[in-house]
Amino acid sequence: MGLNGLCWWVAAVSQSVVGLAVVVLLLPLVVPVLMVLWTWRCLVLLMVQAIYGGGVYVASGMEALFTLDSCSARAVISGVAVLRGKISVAAVRKFLAERITDARDDRGRFRHPNFRQVVEKRCGVVVWIPENNFHVDKHVSELQLDCRPRLLQDEDDLLSEMSARTNLPFPRGLARWEVLVAPLKRFGTDKENIGEWQHTAVIVRLHHAHGDGRSIMALIVSALEDAYIPEHVSFPVSSPCSSGNIYRAARFLWSVTHLPWVVVRVLTRGDASSLHGCRLAGSKLLAWSPPISLAALKKGRALAGVSVNDLLLTGLAEALY
């Protein structure tokens, strides 16, 4: 072991010992506070369940975090599915109701209960509450402008409409998601029959508390397909390495002893970026690019000696600069 390795071990052990001492000293203060917060959480949950009945539960940490958005920066996911042919609003409602909102498992429970629930803060605790008299018609409707059906001409028209609705609030008391259906005249490179409305745009807006954007959009798009697969496809994942109790205990002890240092770093670290800290304007824009050849990206990757992801992020950064 060289001098650098020895110094690293000395610093790591010193930090662990000091961190453990700080944690032990703070236990008499931290434990009562945690007990009070846990008791308050249980009381609020019981109170909300007494008011709204069953089906009420506390939101997870990530779900509660997304509810901290503001009117100037809403945690809203926006997406669109362009379907070939003229699809009615009734058909979209039927597919989404049968395959998502009303779908049940073998035990009779809803497969996707969050689509029927409202996430709200009650007495400082974020909870999921069943929507009163839920019906899919409240969330799936025709895109309108001045009480008249909105007819989208092309991708630019679609993009403008989505950008205008990105930061709009959801109706109070309803689950935070909506699907808007509108006819689309031209899309992509399709130049044939431009005189007919041969596409249907299904615009989706939902709050990030309902789930990951990619998973939610994939669920909704798959529900609109003719060949629908009711069960989720299980993708192969790498199995976690099996570790013993001693290894897990060591990792937990390491995390606990370094917690004070992490808190100090978070509280003292300054943000020098000029992009952070500015007041948000409240307006958002959506944009996408024309299709790019993967072969061209691979050729550029080989010439630059980087990955395809590096090329795409570089182009995005240049466009935003």
# chains A, B, ... in the order shown; residues from 1 in each chain; ligands from 1
>>> residues_around(residues="Pro171 (chain A)", least_positions_apart="5", cutoff="12 Å", atoms="only C-alpha atoms", output="MDAnalysis selection string")
chainID A and resid 118 131 138:139 176:178 206:207
>>> select_by_dssp(residues="region 21-230 of chain A", states="alpha helix (DSSP H)", output="ChimeraX atom specification")
/A:21-52,61-66,89-96,155-165,213-223
>>> closest_residue(among="A:Gly213, A:Gly53, A:Gly19, A:Pro183", to="Ala201 (chain A)", atoms="only C-alpha atoms")
A:Pro183
>>> closest_atom_pairs(of="region 8-107 of chain A", to="region 154-158 of chain A", cutoff="12 Å", atoms="only C-alpha atoms", output="tab-separated table")
residue	atom	partner	partner_atom	distance
A:Gly79	CA	A:Leu158	CA	10.9
A:Val80	CA	A:Leu158	CA	9.1
A:Ala81	CA	A:Leu158	CA	11.1
A:Val82	CA	A:Glu155	CA	10.1
>>> closest_atom_pairs(of="region 23-57 of chain A", to="region 249-262 of chain A", cutoff="12 Å", atoms="only C-alpha atoms", output="Markdown table")
| residue | atom | partner | partner_atom | distance |
| --- | --- | --- | --- | --- |
| A:Val23 | CA | A:Thr257 | CA | 7.0 |
| A:Val24 | CA | A:Thr257 | CA | 9.6 |
| A:Leu25 | CA | A:Pro260 | CA | 11.5 |
| A:Leu26 | CA | A:Pro260 | CA | 10.2 |
| A:Leu27 | CA | A:Val256 | CA | 11.8 |
>>> write_last_selection(atoms="C-alpha atoms", output="mmCIF file, in the first residue's frame")
data_model
loop_
_atom_site.group_PDB
_atom_site.id
_atom_site.type_symbol
_atom_site.label_atom_id
_atom_site.label_comp_id
_atom_site.auth_asym_id
_atom_site.auth_seq_id
_atom_site.Cartn_x
_atom_site.Cartn_y
_atom_site.Cartn_z
ATOM 1 C CA VAL A 23 -24.761 10.495 15.440
ATOM 2 C CA VAL A 24 -24.585 9.029 18.953
ATOM 3 C CA LEU A 25 -24.619 12.490 20.521
ATOM 4 C CA LEU A 26 -27.636 13.553 18.437
ATOM 5 C CA LEU A 27 -29.701 10.414 19.064
#
>>> closest_residue(among="A:Pro32, A:Gly55, A:Gly211, A:Gly300", to="Arg109 (chain A)", atoms="only C-alpha atoms")
A:Gly55
>>> closest_residue(among="A:Pro290, A:Pro169, A:Gly124, A:Gly108", to="Cys71 (chain A)", atoms="only C-alpha atoms")
A:Pro169
>>> atom_distance(atom1="CA of Arg122 (chain A)", atom2="CA of Thr101 (chain A)")
24.7 Å
>>> residues_around(residues="Leu83 (chain A)", least_positions_apart="5", cutoff="8 Å", atoms="only C-alpha atoms", output="ChimeraX atom specification")
/A:199-202
>>> atom_distance(atom1="CA of Asn132 (chain A)", atom2="CA of Arg116 (chain A)")
8.9 Å
>>> residues_around(residues="Leu285 (chain A)", least_positions_apart="3", cutoff="8 Å", atoms="only C-alpha atoms", output="ChimeraX atom specification")
/A:163-164,166
>>> write_last_selection(atoms="C-alpha atoms", output="PDB file, in the first residue's frame")
ATOM      1  CA  SER A 163     -46.774  24.133 -25.361  1.00  0.00           C
ATOM      2  CA  ALA A 164     -49.726  26.360 -24.502  1.00  0.00           C
ATOM      3  CA  THR A 166     -48.007  22.461 -20.531  1.00  0.00           C
TER       4      THR A 166
END
>>> atom_distance(atom1="CA of Val136 (chain A)", atom2="CA of Val89 (chain A)")
11.1 Å
>>> decode(residues="region 140-224 of chain A", atoms="C-alpha atoms", output="short mmCIF file (atom, residue, chain, number, x, y, z; two decimals), in the first residue's frame")
data_model
loop_
_atom_site.label_atom_id
_atom_site.label_comp_id
_atom_site.auth_asym_id
_atom_site.auth_seq_id
_atom_site.Cartn_x
_atom_site.Cartn_y
_atom_site.Cartn_z
CA VAL A 140 -60.82 12.25 -21.67
CA SER A 141 -62.38 14.89 -23.88
CA GLU A 142 -62.20 16.56 -27.26
CA LEU A 143 -59.66 19.33 -27.75
CA GLN A 144 -61.59 22.56 -28.13
CA LEU A 145 -60.94 26.21 -28.87
CA ASP A 146 -63.64 28.75 -27.98
CA CYS A 147 -66.13 25.92 -27.34
CA ARG A 148 -65.52 24.51 -30.83
CA PRO A 149 -63.52 21.43 -31.90
CA ARG A 150 -59.85 22.24 -32.44
CA LEU A 151 -58.56 21.02 -35.82
CA LEU A 152 -54.78 20.63 -35.94
CA GLN A 153 -53.14 21.29 -39.29
CA ASP A 154 -49.63 19.86 -38.84
CA GLU A 155 -46.86 19.15 -36.34
CA ASP A 156 -46.21 22.84 -35.72
CA ASP A 157 -49.85 23.36 -34.84
CA LEU A 158 -49.75 20.33 -32.54
CA LEU A 159 -46.54 21.53 -30.89
CA SER A 160 -47.97 24.99 -30.31
CA GLU A 161 -51.10 23.56 -28.71
CA MET A 162 -49.11 21.31 -26.39
CA SER A 163 -46.77 24.13 -25.36
CA ALA A 164 -49.73 26.36 -24.50
CA ARG A 165 -51.18 23.70 -22.20
CA THR A 166 -48.01 22.46 -20.53
CA ASN A 167 -48.27 24.61 -17.41
CA LEU A 168 -52.04 24.81 -17.05
CA PRO A 169 -53.47 23.66 -13.69
CA PHE A 170 -55.61 20.55 -13.37
CA PRO A 171 -59.22 20.87 -12.15
CA ARG A 172 -59.40 20.80 -8.38
CA GLY A 173 -60.82 17.63 -6.87
CA LEU A 174 -59.98 15.46 -9.90
CA ALA A 175 -57.09 13.11 -10.49
CA ARG A 176 -54.29 15.07 -12.10
CA TRP A 177 -54.36 13.70 -15.62
CA GLU A 178 -56.19 14.44 -18.83
CA VAL A 179 -56.32 13.15 -22.40
CA LEU A 180 -57.33 15.44 -25.26
CA VAL A 181 -58.30 14.09 -28.68
CA ALA A 182 -58.10 16.14 -31.88
CA PRO A 183 -57.97 15.41 -35.63
CA LEU A 184 -54.58 16.02 -37.27
CA LYS A 185 -54.34 16.79 -40.97
CA ARG A 186 -50.65 16.16 -41.72
CA PHE A 187 -47.94 14.45 -39.71
CA GLY A 188 -44.30 13.64 -40.43
CA THR A 189 -43.38 13.02 -44.04
CA ASP A 190 -46.86 11.88 -45.02
CA LYS A 191 -47.81 14.10 -47.97
CA GLU A 192 -50.59 12.01 -49.46
CA ASN A 193 -54.25 12.94 -49.13
CA ILE A 194 -53.39 16.23 -47.49
CA GLY A 195 -56.95 17.36 -48.04
CA GLU A 196 -58.29 14.82 -45.54
CA TRP A 197 -57.98 14.61 -41.78
CA GLN A 198 -56.23 11.24 -41.77
CA HIS A 199 -54.58 11.29 -38.32
CA THR A 200 -55.73 11.64 -34.73
CA ALA A 201 -53.60 13.30 -32.06
CA VAL A 202 -54.08 12.01 -28.51
CA ILE A 203 -52.47 14.58 -26.20
CA VAL A 204 -51.68 13.36 -22.68
CA ARG A 205 -51.03 15.56 -19.65
CA LEU A 206 -50.53 14.15 -16.17
CA HIS A 207 -48.83 15.06 -12.94
CA HIS A 208 -45.46 13.50 -12.19
CA ALA A 209 -46.77 12.12 -8.89
CA HIS A 210 -48.68 9.50 -10.88
CA GLY A 211 -45.45 7.84 -11.93
CA ASP A 212 -42.47 7.87 -14.23
CA GLY A 213 -43.16 9.69 -17.48
CA ARG A 214 -41.80 7.00 -19.76
CA SER A 215 -43.70 4.19 -18.03
CA ILE A 216 -46.98 6.11 -17.88
CA MET A 217 -46.80 7.16 -21.53
CA ALA A 218 -45.94 3.60 -22.58
CA LEU A 219 -48.94 2.34 -20.61
CA ILE A 220 -51.34 4.81 -22.26
CA VAL A 221 -49.96 4.28 -25.77
CA SER A 222 -50.14 0.49 -25.39
CA ALA A 223 -53.75 0.82 -24.23
CA LEU A 224 -54.60 2.59 -27.49
#
